[in-house]
file model_3.txt (compact mmCIF, N, CA and C atoms)
# COMPACT_ATOMS: atom_id res chain seq x y z
N MET A 1 0.86 -1.17 0.00
CA MET A 1 0.00 0.00 0.00
C MET A 1 0.91 1.24 0.00
N ASP A 2 0.69 2.15 -0.93
CA ASP A 2 1.53 3.35 -0.97
C ASP A 2 1.15 4.31 0.16
N ALA A 3 1.98 5.34 0.36
CA ALA A 3 1.79 6.26 1.49
C ALA A 3 0.44 6.95 1.46
N GLY A 4 -0.02 7.36 0.29
CA GLY A 4 -1.31 8.05 0.19
C GLY A 4 -2.47 7.13 0.54
N ALA A 5 -2.42 5.91 0.05
CA ALA A 5 -3.48 4.95 0.35
C ALA A 5 -3.47 4.58 1.83
N LEU A 6 -2.28 4.43 2.40
CA LEU A 6 -2.17 4.12 3.82
C LEU A 6 -2.74 5.26 4.66
N GLN A 7 -2.41 6.50 4.30
CA GLN A 7 -2.95 7.68 5.01
C GLN A 7 -4.48 7.64 4.99
N THR A 8 -5.06 7.44 3.82
CA THR A 8 -6.52 7.42 3.67
C THR A 8 -7.14 6.28 4.48
N HIS A 9 -6.54 5.09 4.38
CA HIS A 9 -7.10 3.92 5.05
C HIS A 9 -7.05 4.04 6.58
N LEU A 10 -5.88 4.37 7.12
CA LEU A 10 -5.76 4.44 8.57
C LEU A 10 -6.51 5.63 9.15
N GLU A 11 -6.58 6.72 8.41
CA GLU A 11 -7.37 7.86 8.87
C GLU A 11 -8.85 7.45 8.96
N ALA A 12 -9.33 6.71 7.99
CA ALA A 12 -10.73 6.25 8.03
C ALA A 12 -10.96 5.33 9.22
N LEU A 13 -10.03 4.43 9.51
CA LEU A 13 -10.17 3.54 10.66
C LEU A 13 -10.15 4.33 11.97
N GLU A 14 -9.24 5.28 12.06
CA GLU A 14 -9.13 6.11 13.27
C GLU A 14 -10.41 6.92 13.47
N ARG A 15 -10.91 7.53 12.40
CA ARG A 15 -12.15 8.31 12.51
C ARG A 15 -13.34 7.41 12.86
N ALA A 16 -13.32 6.17 12.38
CA ALA A 16 -14.39 5.23 12.74
C ALA A 16 -14.42 5.03 14.25
N LEU A 17 -13.25 4.93 14.86
CA LEU A 17 -13.20 4.72 16.31
C LEU A 17 -13.65 5.95 17.11
N LEU A 18 -13.76 7.09 16.46
CA LEU A 18 -14.30 8.29 17.10
C LEU A 18 -15.80 8.44 16.88
N ASP A 19 -16.35 7.67 15.98
CA ASP A 19 -17.77 7.74 15.62
C ASP A 19 -18.62 7.09 16.71
N PRO A 20 -19.59 7.82 17.28
CA PRO A 20 -20.43 7.25 18.34
C PRO A 20 -21.11 5.94 17.95
N ALA A 21 -21.51 5.79 16.69
CA ALA A 21 -22.18 4.55 16.25
C ALA A 21 -21.22 3.37 16.29
N VAL A 22 -19.98 3.59 15.89
CA VAL A 22 -18.97 2.52 15.94
C VAL A 22 -18.61 2.22 17.39
N ARG A 23 -18.44 3.26 18.19
CA ARG A 23 -18.09 3.08 19.60
C ARG A 23 -19.17 2.29 20.34
N ALA A 24 -20.40 2.38 19.89
CA ALA A 24 -21.50 1.66 20.54
C ALA A 24 -21.62 0.21 20.06
N ASP A 25 -20.89 -0.15 19.02
CA ASP A 25 -21.00 -1.47 18.39
C ASP A 25 -19.82 -2.36 18.81
N ARG A 26 -20.04 -3.20 19.79
CA ARG A 26 -18.98 -4.04 20.34
C ARG A 26 -18.32 -4.93 19.28
N VAL A 27 -19.10 -5.46 18.35
CA VAL A 27 -18.56 -6.33 17.30
C VAL A 27 -17.63 -5.54 16.38
N HIS A 28 -18.04 -4.34 15.98
CA HIS A 28 -17.21 -3.51 15.13
C HIS A 28 -15.92 -3.13 15.85
N LEU A 29 -16.04 -2.73 17.11
CA LEU A 29 -14.85 -2.39 17.90
C LEU A 29 -13.88 -3.56 18.00
N ASP A 30 -14.43 -4.74 18.23
CA ASP A 30 -13.62 -5.94 18.37
C ASP A 30 -12.76 -6.18 17.13
N GLY A 31 -13.30 -5.87 15.95
CA GLY A 31 -12.56 -6.06 14.71
C GLY A 31 -11.50 -5.01 14.45
N LEU A 32 -11.61 -3.85 15.10
CA LEU A 32 -10.66 -2.76 14.88
C LEU A 32 -9.50 -2.75 15.88
N ILE A 33 -9.69 -3.46 16.99
CA ILE A 33 -8.72 -3.41 18.08
C ILE A 33 -8.02 -4.75 18.22
N ALA A 34 -6.70 -4.74 18.27
CA ALA A 34 -5.90 -5.96 18.39
C ALA A 34 -6.10 -6.61 19.76
N GLU A 35 -5.89 -7.91 19.81
CA GLU A 35 -6.03 -8.65 21.07
C GLU A 35 -5.06 -8.15 22.13
N ASP A 36 -3.87 -7.71 21.72
CA ASP A 36 -2.86 -7.24 22.67
C ASP A 36 -2.87 -5.71 22.82
N PHE A 37 -4.00 -5.09 22.52
CA PHE A 37 -4.18 -3.64 22.61
C PHE A 37 -3.87 -3.12 24.02
N LEU A 38 -3.28 -1.91 24.05
CA LEU A 38 -3.01 -1.22 25.31
C LEU A 38 -3.31 0.26 25.10
N GLU A 39 -3.99 0.85 26.07
CA GLU A 39 -4.27 2.29 26.03
C GLU A 39 -3.80 2.92 27.32
N ILE A 40 -3.18 4.08 27.19
CA ILE A 40 -2.88 4.92 28.34
C ILE A 40 -3.79 6.13 28.22
N GLY A 41 -4.74 6.22 29.14
CA GLY A 41 -5.73 7.30 29.09
C GLY A 41 -5.18 8.62 29.59
N ALA A 42 -5.94 9.67 29.37
CA ALA A 42 -5.54 11.01 29.79
C ALA A 42 -5.34 11.09 31.31
N SER A 43 -6.05 10.23 32.04
CA SER A 43 -5.93 10.20 33.50
C SER A 43 -4.68 9.46 33.96
N GLY A 44 -4.03 8.76 33.04
CA GLY A 44 -2.89 7.94 33.39
C GLY A 44 -3.27 6.48 33.61
N ALA A 45 -4.57 6.19 33.58
CA ALA A 45 -5.02 4.80 33.74
C ALA A 45 -4.66 4.00 32.49
N VAL A 46 -4.41 2.71 32.69
CA VAL A 46 -4.04 1.81 31.60
C VAL A 46 -5.20 0.85 31.36
N PHE A 47 -5.54 0.66 30.08
CA PHE A 47 -6.66 -0.18 29.68
C PHE A 47 -6.21 -1.20 28.64
N GLY A 48 -6.80 -2.38 28.68
CA GLY A 48 -6.62 -3.39 27.65
C GLY A 48 -7.86 -3.47 26.78
N LYS A 49 -7.85 -4.38 25.84
CA LYS A 49 -8.96 -4.53 24.91
C LYS A 49 -10.27 -4.83 25.64
N ALA A 50 -10.25 -5.73 26.61
CA ALA A 50 -11.48 -6.08 27.34
C ALA A 50 -12.09 -4.86 28.02
N ASP A 51 -11.23 -4.00 28.58
CA ASP A 51 -11.71 -2.77 29.23
C ASP A 51 -12.42 -1.86 28.23
N VAL A 52 -11.81 -1.70 27.07
CA VAL A 52 -12.37 -0.82 26.04
C VAL A 52 -13.70 -1.38 25.52
N LEU A 53 -13.75 -2.69 25.28
CA LEU A 53 -14.98 -3.30 24.79
C LEU A 53 -16.10 -3.23 25.83
N ALA A 54 -15.75 -3.19 27.09
CA ALA A 54 -16.76 -3.06 28.14
C ALA A 54 -17.20 -1.61 28.32
N ARG A 55 -16.29 -0.66 28.15
CA ARG A 55 -16.56 0.75 28.44
C ARG A 55 -17.21 1.52 27.28
N LEU A 56 -16.64 1.41 26.09
CA LEU A 56 -17.09 2.28 24.98
C LEU A 56 -18.54 2.08 24.57
N PRO A 57 -19.07 0.86 24.46
CA PRO A 57 -20.46 0.73 24.01
C PRO A 57 -21.48 1.43 24.92
N GLY A 58 -21.15 1.62 26.19
CA GLY A 58 -22.06 2.29 27.11
C GLY A 58 -21.87 3.79 27.19
N GLU A 59 -20.89 4.31 26.51
CA GLU A 59 -20.58 5.74 26.53
C GLU A 59 -21.65 6.50 25.73
N THR A 60 -22.19 7.57 26.30
CA THR A 60 -23.18 8.37 25.57
C THR A 60 -22.84 9.85 25.68
N GLY A 61 -23.27 10.59 24.69
CA GLY A 61 -23.13 12.04 24.72
C GLY A 61 -21.74 12.57 24.49
N VAL A 62 -20.82 11.74 24.01
CA VAL A 62 -19.46 12.20 23.74
C VAL A 62 -19.26 12.26 22.24
N ALA A 63 -18.94 13.44 21.74
CA ALA A 63 -18.69 13.61 20.31
C ALA A 63 -17.33 14.26 20.12
N TYR A 64 -16.53 13.66 19.29
CA TYR A 64 -15.18 14.14 19.03
C TYR A 64 -15.09 14.75 17.64
N GLU A 65 -14.32 15.82 17.55
CA GLU A 65 -13.99 16.41 16.24
C GLU A 65 -12.49 16.25 16.05
N ALA A 66 -12.12 15.42 15.08
CA ALA A 66 -10.71 15.19 14.82
C ALA A 66 -10.17 16.24 13.86
N LEU A 67 -9.03 16.79 14.21
CA LEU A 67 -8.33 17.72 13.32
C LEU A 67 -7.49 16.88 12.36
N PRO A 68 -6.84 17.49 11.39
CA PRO A 68 -6.09 16.71 10.40
C PRO A 68 -5.13 15.71 11.06
N MET A 69 -5.05 14.54 10.44
CA MET A 69 -4.23 13.45 10.96
C MET A 69 -2.96 13.30 10.13
N ARG A 70 -1.94 12.81 10.80
CA ARG A 70 -0.67 12.52 10.13
C ARG A 70 -0.36 11.05 10.34
N VAL A 71 -0.20 10.32 9.26
CA VAL A 71 0.12 8.89 9.33
C VAL A 71 1.58 8.72 8.95
N GLN A 72 2.31 7.97 9.76
CA GLN A 72 3.72 7.69 9.50
C GLN A 72 3.93 6.19 9.55
N ARG A 73 4.40 5.64 8.44
CA ARG A 73 4.73 4.21 8.42
C ARG A 73 6.05 4.05 9.19
N VAL A 74 6.05 3.13 10.14
CA VAL A 74 7.21 2.91 10.99
C VAL A 74 7.96 1.66 10.55
N GLY A 75 7.26 0.70 9.99
CA GLY A 75 7.83 -0.54 9.49
C GLY A 75 6.88 -1.11 8.46
N ALA A 76 7.18 -2.28 7.96
CA ALA A 76 6.35 -2.89 6.92
C ALA A 76 4.92 -3.11 7.38
N ASP A 77 4.75 -3.41 8.67
CA ASP A 77 3.41 -3.71 9.17
C ASP A 77 3.00 -2.88 10.38
N ILE A 78 3.68 -1.74 10.60
CA ILE A 78 3.37 -0.85 11.73
C ILE A 78 3.30 0.59 11.23
N ALA A 79 2.28 1.31 11.70
CA ALA A 79 2.14 2.73 11.37
C ALA A 79 1.62 3.48 12.59
N ARG A 80 1.96 4.75 12.64
CA ARG A 80 1.52 5.62 13.74
C ARG A 80 0.62 6.72 13.18
N VAL A 81 -0.44 7.02 13.91
CA VAL A 81 -1.36 8.10 13.55
C VAL A 81 -1.32 9.14 14.66
N LEU A 82 -1.05 10.38 14.30
CA LEU A 82 -0.99 11.49 15.25
C LEU A 82 -2.03 12.54 14.87
N TYR A 83 -2.74 13.06 15.86
CA TYR A 83 -3.73 14.09 15.59
C TYR A 83 -4.21 14.73 16.89
N THR A 84 -5.01 15.75 16.77
CA THR A 84 -5.64 16.43 17.90
C THR A 84 -7.14 16.27 17.77
N VAL A 85 -7.83 16.09 18.89
CA VAL A 85 -9.29 16.08 18.89
C VAL A 85 -9.80 17.19 19.79
N ARG A 86 -10.99 17.66 19.44
CA ARG A 86 -11.73 18.61 20.27
C ARG A 86 -13.04 17.95 20.65
N ARG A 87 -13.49 18.23 21.86
CA ARG A 87 -14.82 17.78 22.26
C ARG A 87 -15.43 18.79 23.19
N ASP A 88 -16.75 18.89 23.11
CA ASP A 88 -17.49 19.80 23.96
C ASP A 88 -17.84 19.05 25.24
N ALA A 89 -17.38 19.54 26.35
CA ALA A 89 -17.66 18.93 27.65
C ALA A 89 -18.50 19.90 28.46
N GLY A 90 -19.80 19.91 28.18
CA GLY A 90 -20.71 20.78 28.92
C GLY A 90 -20.45 22.25 28.71
N GLY A 91 -20.17 22.63 27.47
CA GLY A 91 -19.92 24.03 27.14
C GLY A 91 -18.46 24.40 27.13
N GLU A 92 -17.62 23.57 27.70
CA GLU A 92 -16.17 23.81 27.68
C GLU A 92 -15.56 22.93 26.59
N VAL A 93 -14.76 23.55 25.72
CA VAL A 93 -14.11 22.79 24.65
C VAL A 93 -12.77 22.27 25.16
N LEU A 94 -12.66 20.95 25.15
CA LEU A 94 -11.42 20.30 25.58
C LEU A 94 -10.69 19.78 24.35
N ARG A 95 -9.37 19.85 24.39
CA ARG A 95 -8.54 19.33 23.30
C ARG A 95 -7.59 18.30 23.88
N SER A 96 -7.32 17.28 23.08
CA SER A 96 -6.31 16.30 23.49
C SER A 96 -5.48 15.89 22.29
N LEU A 97 -4.23 15.58 22.56
CA LEU A 97 -3.31 15.09 21.55
C LEU A 97 -3.42 13.58 21.55
N ARG A 98 -3.49 12.98 20.36
CA ARG A 98 -3.71 11.55 20.23
C ARG A 98 -2.58 10.90 19.46
N SER A 99 -2.20 9.72 19.91
CA SER A 99 -1.21 8.90 19.22
C SER A 99 -1.74 7.48 19.22
N SER A 100 -1.88 6.91 18.02
CA SER A 100 -2.34 5.54 17.88
C SER A 100 -1.34 4.78 17.02
N TRP A 101 -1.09 3.54 17.40
CA TRP A 101 -0.21 2.66 16.64
C TRP A 101 -1.07 1.55 16.07
N TRP A 102 -0.90 1.30 14.78
CA TRP A 102 -1.68 0.30 14.05
C TRP A 102 -0.75 -0.76 13.50
N ARG A 103 -1.23 -2.02 13.49
CA ARG A 103 -0.45 -3.14 12.98
C ARG A 103 -1.25 -3.86 11.90
N LEU A 104 -0.57 -4.20 10.82
CA LEU A 104 -1.16 -5.01 9.77
C LEU A 104 -1.03 -6.46 10.20
N ASP A 105 -2.14 -7.09 10.55
CA ASP A 105 -2.12 -8.47 11.05
C ASP A 105 -2.08 -9.47 9.90
N ALA A 106 -1.84 -10.73 10.24
CA ALA A 106 -1.67 -11.81 9.25
C ALA A 106 -2.89 -11.96 8.34
N ASP A 107 -4.08 -11.56 8.80
CA ASP A 107 -5.28 -11.69 7.98
C ASP A 107 -5.46 -10.51 7.01
N GLY A 108 -4.47 -9.59 6.99
CA GLY A 108 -4.51 -8.46 6.06
C GLY A 108 -5.28 -7.25 6.58
N CYS A 109 -5.70 -7.28 7.84
CA CYS A 109 -6.45 -6.16 8.43
C CYS A 109 -5.55 -5.35 9.36
N TRP A 110 -5.71 -4.03 9.28
CA TRP A 110 -5.02 -3.15 10.20
C TRP A 110 -5.83 -3.08 11.49
N ARG A 111 -5.14 -3.23 12.63
CA ARG A 111 -5.80 -3.14 13.94
C ARG A 111 -4.97 -2.25 14.86
N MET A 112 -5.67 -1.51 15.69
CA MET A 112 -5.00 -0.63 16.66
C MET A 112 -4.39 -1.48 17.77
N VAL A 113 -3.10 -1.25 18.04
CA VAL A 113 -2.41 -1.99 19.10
C VAL A 113 -2.08 -1.10 20.30
N PHE A 114 -2.04 0.22 20.09
CA PHE A 114 -1.72 1.14 21.18
C PHE A 114 -2.40 2.47 20.93
N HIS A 115 -2.85 3.10 22.01
CA HIS A 115 -3.44 4.44 21.90
C HIS A 115 -3.12 5.21 23.17
N GLN A 116 -2.82 6.50 22.98
CA GLN A 116 -2.63 7.39 24.12
C GLN A 116 -3.25 8.74 23.80
N GLY A 117 -4.03 9.24 24.75
CA GLY A 117 -4.61 10.58 24.66
C GLY A 117 -4.07 11.41 25.81
N THR A 118 -3.58 12.59 25.50
CA THR A 118 -2.99 13.46 26.50
C THR A 118 -3.65 14.84 26.39
N PRO A 119 -4.09 15.42 27.52
CA PRO A 119 -4.68 16.76 27.44
C PRO A 119 -3.74 17.74 26.75
N ASP A 120 -4.31 18.56 25.88
CA ASP A 120 -3.54 19.55 25.13
C ASP A 120 -3.39 20.79 25.99
N THR A 121 -2.17 21.07 26.39
CA THR A 121 -1.88 22.24 27.23
C THR A 121 -1.55 23.46 26.40
N GLY A 122 -1.52 23.29 25.07
CA GLY A 122 -1.17 24.39 24.20
C GLY A 122 0.33 24.56 24.02
N ALA A 123 1.11 23.63 24.57
CA ALA A 123 2.55 23.74 24.50
C ALA A 123 3.14 23.36 23.15
N GLY A 124 2.34 22.70 22.32
CA GLY A 124 2.86 22.29 21.03
C GLY A 124 1.79 21.61 20.20
N THR A 125 2.12 21.31 18.98
CA THR A 125 1.20 20.61 18.11
C THR A 125 1.86 19.35 17.60
N ILE A 126 1.04 18.45 17.11
CA ILE A 126 1.58 17.22 16.53
C ILE A 126 1.22 17.12 15.07
call {"tool": "encode", "arguments": {"input": "model_3.txt", "output": "structure tokens"}}
result
Amino acid sequence: MDAGALQTHLEALERALLDPAVRADRVHLDGLIAEDFLEIGASGAVFGKADVLARLPGETGVAYEALPMRVQRVGADIARVLYTVRRDAGGEVLRSLRSSWWRLDADGCWRMVFHQGTPDTGAGTI
């Protein structure tokens, strides 16, 4: 897959994971997230795939707006996606910096293996 196609494909997968309809669909989430997935949340808490599959489908009222994404191929089967999201939290707009790592698995599907969201303090951009 060339760089442009990879950018388009992984950006679509990343945006799908921000979509409330996808987040509510445990089966869809299961297909996008690797078995060995790890997340470090903005609070510093660490989550695995089972935690995410239990938490996200019950989440309501959270809408994210993703700013432009940057995809960087790190190896033949690993890529990193960097971007910023905005969300309205009761009238206050919160921003966070996001980093996701995706792996091309043996079945030919890209799956997220790592994700970290960090509150945006305005100190820099990604």
call {"tool": "atom_distance", "arguments": {"input": "model_3.txt", "atom1": "atom CA of A:Leu67", "atom2": "atom CA of A:Leu53"}}
result
24.9 Å
call {"tool": "axis_aligned_box", "arguments": {"input": "model_3.txt", "around": "stretch 42-54 of chain A", "padding_each_side": "6 Å", "output": "AutoDock Vina command-line options"}}
result
--center_x -10.0 --center_y 2.5 --center_z 29.4 --size_x 26.3 --size_y 29.2 --size_z 21.2
call {"tool": "select_by_dssp", "arguments": {"input": "model_3.txt", "residues": "stretch 8-84 of chain A", "states": "alpha helix (DSSP H)", "output": "NGL selection string"}}
result
:A and (8-18 or 20-23 or 26-32 or 49-55)
call {"tool": "atom_distance", "arguments": {"input": "model_3.txt", "atom1": "atom C of A:Leu97", "atom2": "atom CA of A:Gly75"}}
result
21.7 Å
call {"tool": "closest_residue", "arguments": {"input": "model_3.txt", "among": "A:Met1, A:Ala50, A:Ala106, A:Val62", "to": "A:Leu18", "atoms": "all atoms listed in the file"}}
result
A:Val62
call {"tool": "closest_residue", "arguments": {"input": "model_3.txt", "among": "A:Val46, A:Ala34, A:Ile40, A:Ala76", "to": "A:Thr118", "atoms": "only N, CA and C atoms"}}
result
A:Ile40
call {"tool": "closest_residue", "arguments": {"input": "model_3.txt", "among": "A:Tyr64, A:Val52, A:Leu104, A:Ser96", "to": "A:Asp77", "atoms": "all atoms listed in the file"}}
result
A:Leu104
call {"tool": "residues_around", "arguments": {"input": "model_3.txt", "residues": "A:Arg70", "least_positions_apart": "3", "cutoff": "8 Å", "atoms": "all atoms listed in the file", "output": "number ranges by chain"}}
result
A: 7, 11, 67, 73, 80-84, 126
call {"tool": "closest_residue", "arguments": {"input": "model_3.txt", "among": "A:Ala16, A:Val93, A:Val85, A:Ala42", "to": "A:Gly117", "atoms": "all atoms listed in the file"}}
result
A:Ala42
call {"tool": "closest_residue", "arguments": {"input": "model_3.txt", "among": "A:Ser100, A:Gln116, A:Ser43, A:Thr121", "to": "A:Glu14", "atoms": "only C-alpha atoms"}}
result
A:Ser100
call {"tool": "atom_distance", "arguments": {"input": "model_3.txt", "atom1": "atom N of A:Ala54", "atom2": "atom N of A:Ala89"}}
result
22.8 Å
call {"tool": "decode", "arguments": {"input": "model_3.txt", "residues": "stretch 93-126 of chain A", "atoms": "N, CA and C atoms", "output": "PDB file, in the first residue's frame"}}
result
ATOM      1  N   VAL A  93     -14.755  23.548  25.718  1.00  0.00           N
ATOM      2  CA  VAL A  93     -14.111  22.789  24.646  1.00  0.00           C
ATOM      3  C   VAL A  93     -12.773  22.269  25.162  1.00  0.00           C
ATOM      4  N   LEU A  94     -12.661  20.950  25.148  1.00  0.00           N
ATOM      5  CA  LEU A  94     -11.422  20.299  25.576  1.00  0.00           C
ATOM      6  C   LEU A  94     -10.688  19.779  24.355  1.00  0.00           C
ATOM      7  N   ARG A  95      -9.374  19.847  24.388  1.00  0.00           N
ATOM      8  CA  ARG A  95      -8.544  19.329  23.298  1.00  0.00           C
ATOM      9  C   ARG A  95      -7.589  18.299  23.876  1.00  0.00           C
ATOM     10  N   SER A  96      -7.316  17.276  23.082  1.00  0.00           N
ATOM     11  CA  SER A  96      -6.308  16.296  23.487  1.00  0.00           C
ATOM     12  C   SER A  96      -5.481  15.888  22.287  1.00  0.00           C
ATOM     13  N   LEU A  97      -4.226  15.585  22.564  1.00  0.00           N
ATOM     14  CA  LEU A  97      -3.306  15.094  21.553  1.00  0.00           C
ATOM     15  C   LEU A  97      -3.424  13.577  21.549  1.00  0.00           C
ATOM     16  N   ARG A  98      -3.493  12.983  20.362  1.00  0.00           N
ATOM     17  CA  ARG A  98      -3.712  11.547  20.235  1.00  0.00           C
ATOM     18  C   ARG A  98      -2.578  10.901  19.456  1.00  0.00           C
ATOM     19  N   SER A  99      -2.200   9.725  19.913  1.00  0.00           N
ATOM     20  CA  SER A  99      -1.213   8.902  19.223  1.00  0.00           C
ATOM     21  C   SER A  99      -1.741   7.481  19.216  1.00  0.00           C
ATOM     22  N   SER A 100      -1.881   6.910  18.023  1.00  0.00           N
ATOM     23  CA  SER A 100      -2.337   5.536  17.882  1.00  0.00           C
ATOM     24  C   SER A 100      -1.339   4.778  17.023  1.00  0.00           C
ATOM     25  N   TRP A 101      -1.093   3.544  17.404  1.00  0.00           N
ATOM     26  CA  TRP A 101      -0.215   2.662  16.640  1.00  0.00           C
ATOM     27  C   TRP A 101      -1.071   1.550  16.070  1.00  0.00           C
ATOM     28  N   TRP A 102      -0.902   1.300  14.783  1.00  0.00           N
ATOM     29  CA  TRP A 102      -1.683   0.299  14.049  1.00  0.00           C
ATOM     30  C   TRP A 102      -0.748  -0.765  13.500  1.00  0.00           C
ATOM     31  N   ARG A 103      -1.234  -2.020  13.490  1.00  0.00           N
ATOM     32  CA  ARG A 103      -0.448  -3.136  12.979  1.00  0.00           C
ATOM     33  C   ARG A 103      -1.247  -3.864  11.896  1.00  0.00           C
ATOM     34  N   LEU A 104      -0.566  -4.203  10.823  1.00  0.00           N
ATOM     35  CA  LEU A 104      -1.162  -5.012   9.765  1.00  0.00           C
ATOM     36  C   LEU A 104      -1.026  -6.465  10.199  1.00  0.00           C
ATOM     37  N   ASP A 105      -2.142  -7.093  10.550  1.00  0.00           N
ATOM     38  CA  ASP A 105      -2.125  -8.467  11.046  1.00  0.00           C
ATOM     39  C   ASP A 105      -2.078  -9.471   9.900  1.00  0.00           C
ATOM     40  N   ALA A 106      -1.839 -10.733  10.242  1.00  0.00           N
ATOM     41  CA  ALA A 106      -1.673 -11.808   9.250  1.00  0.00           C
ATOM     42  C   ALA A 106      -2.886 -11.961   8.335  1.00  0.00           C
ATOM     43  N   ASP A 107      -4.077 -11.562   8.804  1.00  0.00           N
ATOM     44  CA  ASP A 107      -5.283 -11.685   7.980  1.00  0.00           C
ATOM     45  C   ASP A 107      -5.455 -10.510   7.007  1.00  0.00           C
ATOM     46  N   GLY A 108      -4.469  -9.589   6.986  1.00  0.00           N
ATOM     47  CA  GLY A 108      -4.514  -8.458   6.060  1.00  0.00           C
ATOM     48  C   GLY A 108      -5.283  -7.255   6.577  1.00  0.00           C
ATOM     49  N   CYS A 109      -5.703  -7.282   7.841  1.00  0.00           N
ATOM     50  CA  CYS A 109      -6.453  -6.164   8.432  1.00  0.00           C
ATOM     51  C   CYS A 109      -5.546  -5.350   9.359  1.00  0.00           C
ATOM     52  N   TRP A 110      -5.709  -4.035   9.281  1.00  0.00           N
ATOM     53  CA  TRP A 110      -5.015  -3.148  10.200  1.00  0.00           C
ATOM     54  C   TRP A 110      -5.826  -3.079  11.486  1.00  0.00           C
ATOM     55  N   ARG A 111      -5.142  -3.228  12.634  1.00  0.00           N
ATOM     56  CA  ARG A 111      -5.796  -3.144  13.938  1.00  0.00           C
ATOM     57  C   ARG A 111      -4.972  -2.255  14.859  1.00  0.00           C
ATOM     58  N   MET A 112      -5.674  -1.506  15.694  1.00  0.00           N
ATOM     59  CA  MET A 112      -5.001  -0.633  16.656  1.00  0.00           C
ATOM     60  C   MET A 112      -4.391  -1.482  17.767  1.00  0.00           C
ATOM     61  N   VAL A 113      -3.100  -1.248  18.040  1.00  0.00           N
ATOM     62  CA  VAL A 113      -2.414  -1.986  19.099  1.00  0.00           C
ATOM     63  C   VAL A 113      -2.075  -1.100  20.300  1.00  0.00           C
ATOM     64  N   PHE A 114      -2.043   0.221  20.090  1.00  0.00           N
ATOM     65  CA  PHE A 114      -1.720   1.141  21.180  1.00  0.00           C
ATOM     66  C   PHE A 114      -2.397   2.471  20.927  1.00  0.00           C
ATOM     67  N   HIS A 115      -2.847   3.103  22.013  1.00  0.00           N
ATOM     68  CA  HIS A 115      -3.440   4.439  21.900  1.00  0.00           C
ATOM     69  C   HIS A 115      -3.117   5.214  23.166  1.00  0.00           C
ATOM     70  N   GLN A 116      -2.817   6.502  22.981  1.00  0.00           N
ATOM     71  CA  GLN A 116      -2.632   7.389  24.116  1.00  0.00           C
ATOM     72  C   GLN A 116      -3.254   8.735  23.802  1.00  0.00           C
ATOM     73  N   GLY A 117      -4.030   9.238  24.753  1.00  0.00           N
ATOM     74  CA  GLY A 117      -4.605  10.580  24.655  1.00  0.00           C
ATOM     75  C   GLY A 117      -4.072  11.406  25.807  1.00  0.00           C
ATOM     76  N   THR A 118      -3.580  12.586  25.498  1.00  0.00           N
ATOM     77  CA  THR A 118      -2.993  13.464  26.499  1.00  0.00           C
ATOM     78  C   THR A 118      -3.647  14.838  26.393  1.00  0.00           C
ATOM     79  N   PRO A 119      -4.090  15.425  27.519  1.00  0.00           N
ATOM     80  CA  PRO A 119      -4.681  16.761  27.444  1.00  0.00           C
ATOM     81  C   PRO A 119      -3.736  17.745  26.745  1.00  0.00           C
ATOM     82  N   ASP A 120      -4.314  18.561  25.876  1.00  0.00           N
ATOM     83  CA  ASP A 120      -3.536  19.550  25.128  1.00  0.00           C
ATOM     84  C   ASP A 120      -3.386  20.790  25.991  1.00  0.00           C
ATOM     85  N   THR A 121      -2.168  21.071  26.390  1.00  0.00           N
ATOM     86  CA  THR A 121      -1.885  22.240  27.230  1.00  0.00           C
ATOM     87  C   THR A 121      -1.546  23.464  26.400  1.00  0.00           C
ATOM     88  N   GLY A 122      -1.522  23.287  25.073  1.00  0.00           N
ATOM     89  CA  GLY A 122      -1.172  24.391  24.197  1.00  0.00           C
ATOM     90  C   GLY A 122       0.326  24.560  24.017  1.00  0.00           C
ATOM     91  N   ALA A 123       1.106  23.635  24.567  1.00  0.00           N
ATOM     92  CA  ALA A 123       2.554  23.740  24.496  1.00  0.00           C
ATOM     93  C   ALA A 123       3.139  23.357  23.154  1.00  0.00           C
ATOM     94  N   GLY A 124       2.338  22.697  22.317  1.00  0.00           N
ATOM     95  CA  GLY A 124       2.859  22.294  21.028  1.00  0.00           C
ATOM     96  C   GLY A 124       1.793  21.608  20.201  1.00  0.00           C
ATOM     97  N   THR A 125       2.119  21.307  18.978  1.00  0.00           N
ATOM     98  CA  THR A 125       1.195  20.609  18.108  1.00  0.00           C
ATOM     99  C   THR A 125       1.862  19.348  17.596  1.00  0.00           C
ATOM    100  N   ILE A 126       1.039  18.445  17.110  1.00  0.00           N
ATOM    101  CA  ILE A 126       1.585  17.222  16.533  1.00  0.00           C
ATOM    102  C   ILE A 126       1.219  17.120  15.070  1.00  0.00           C
TER     103      ILE A 126
END
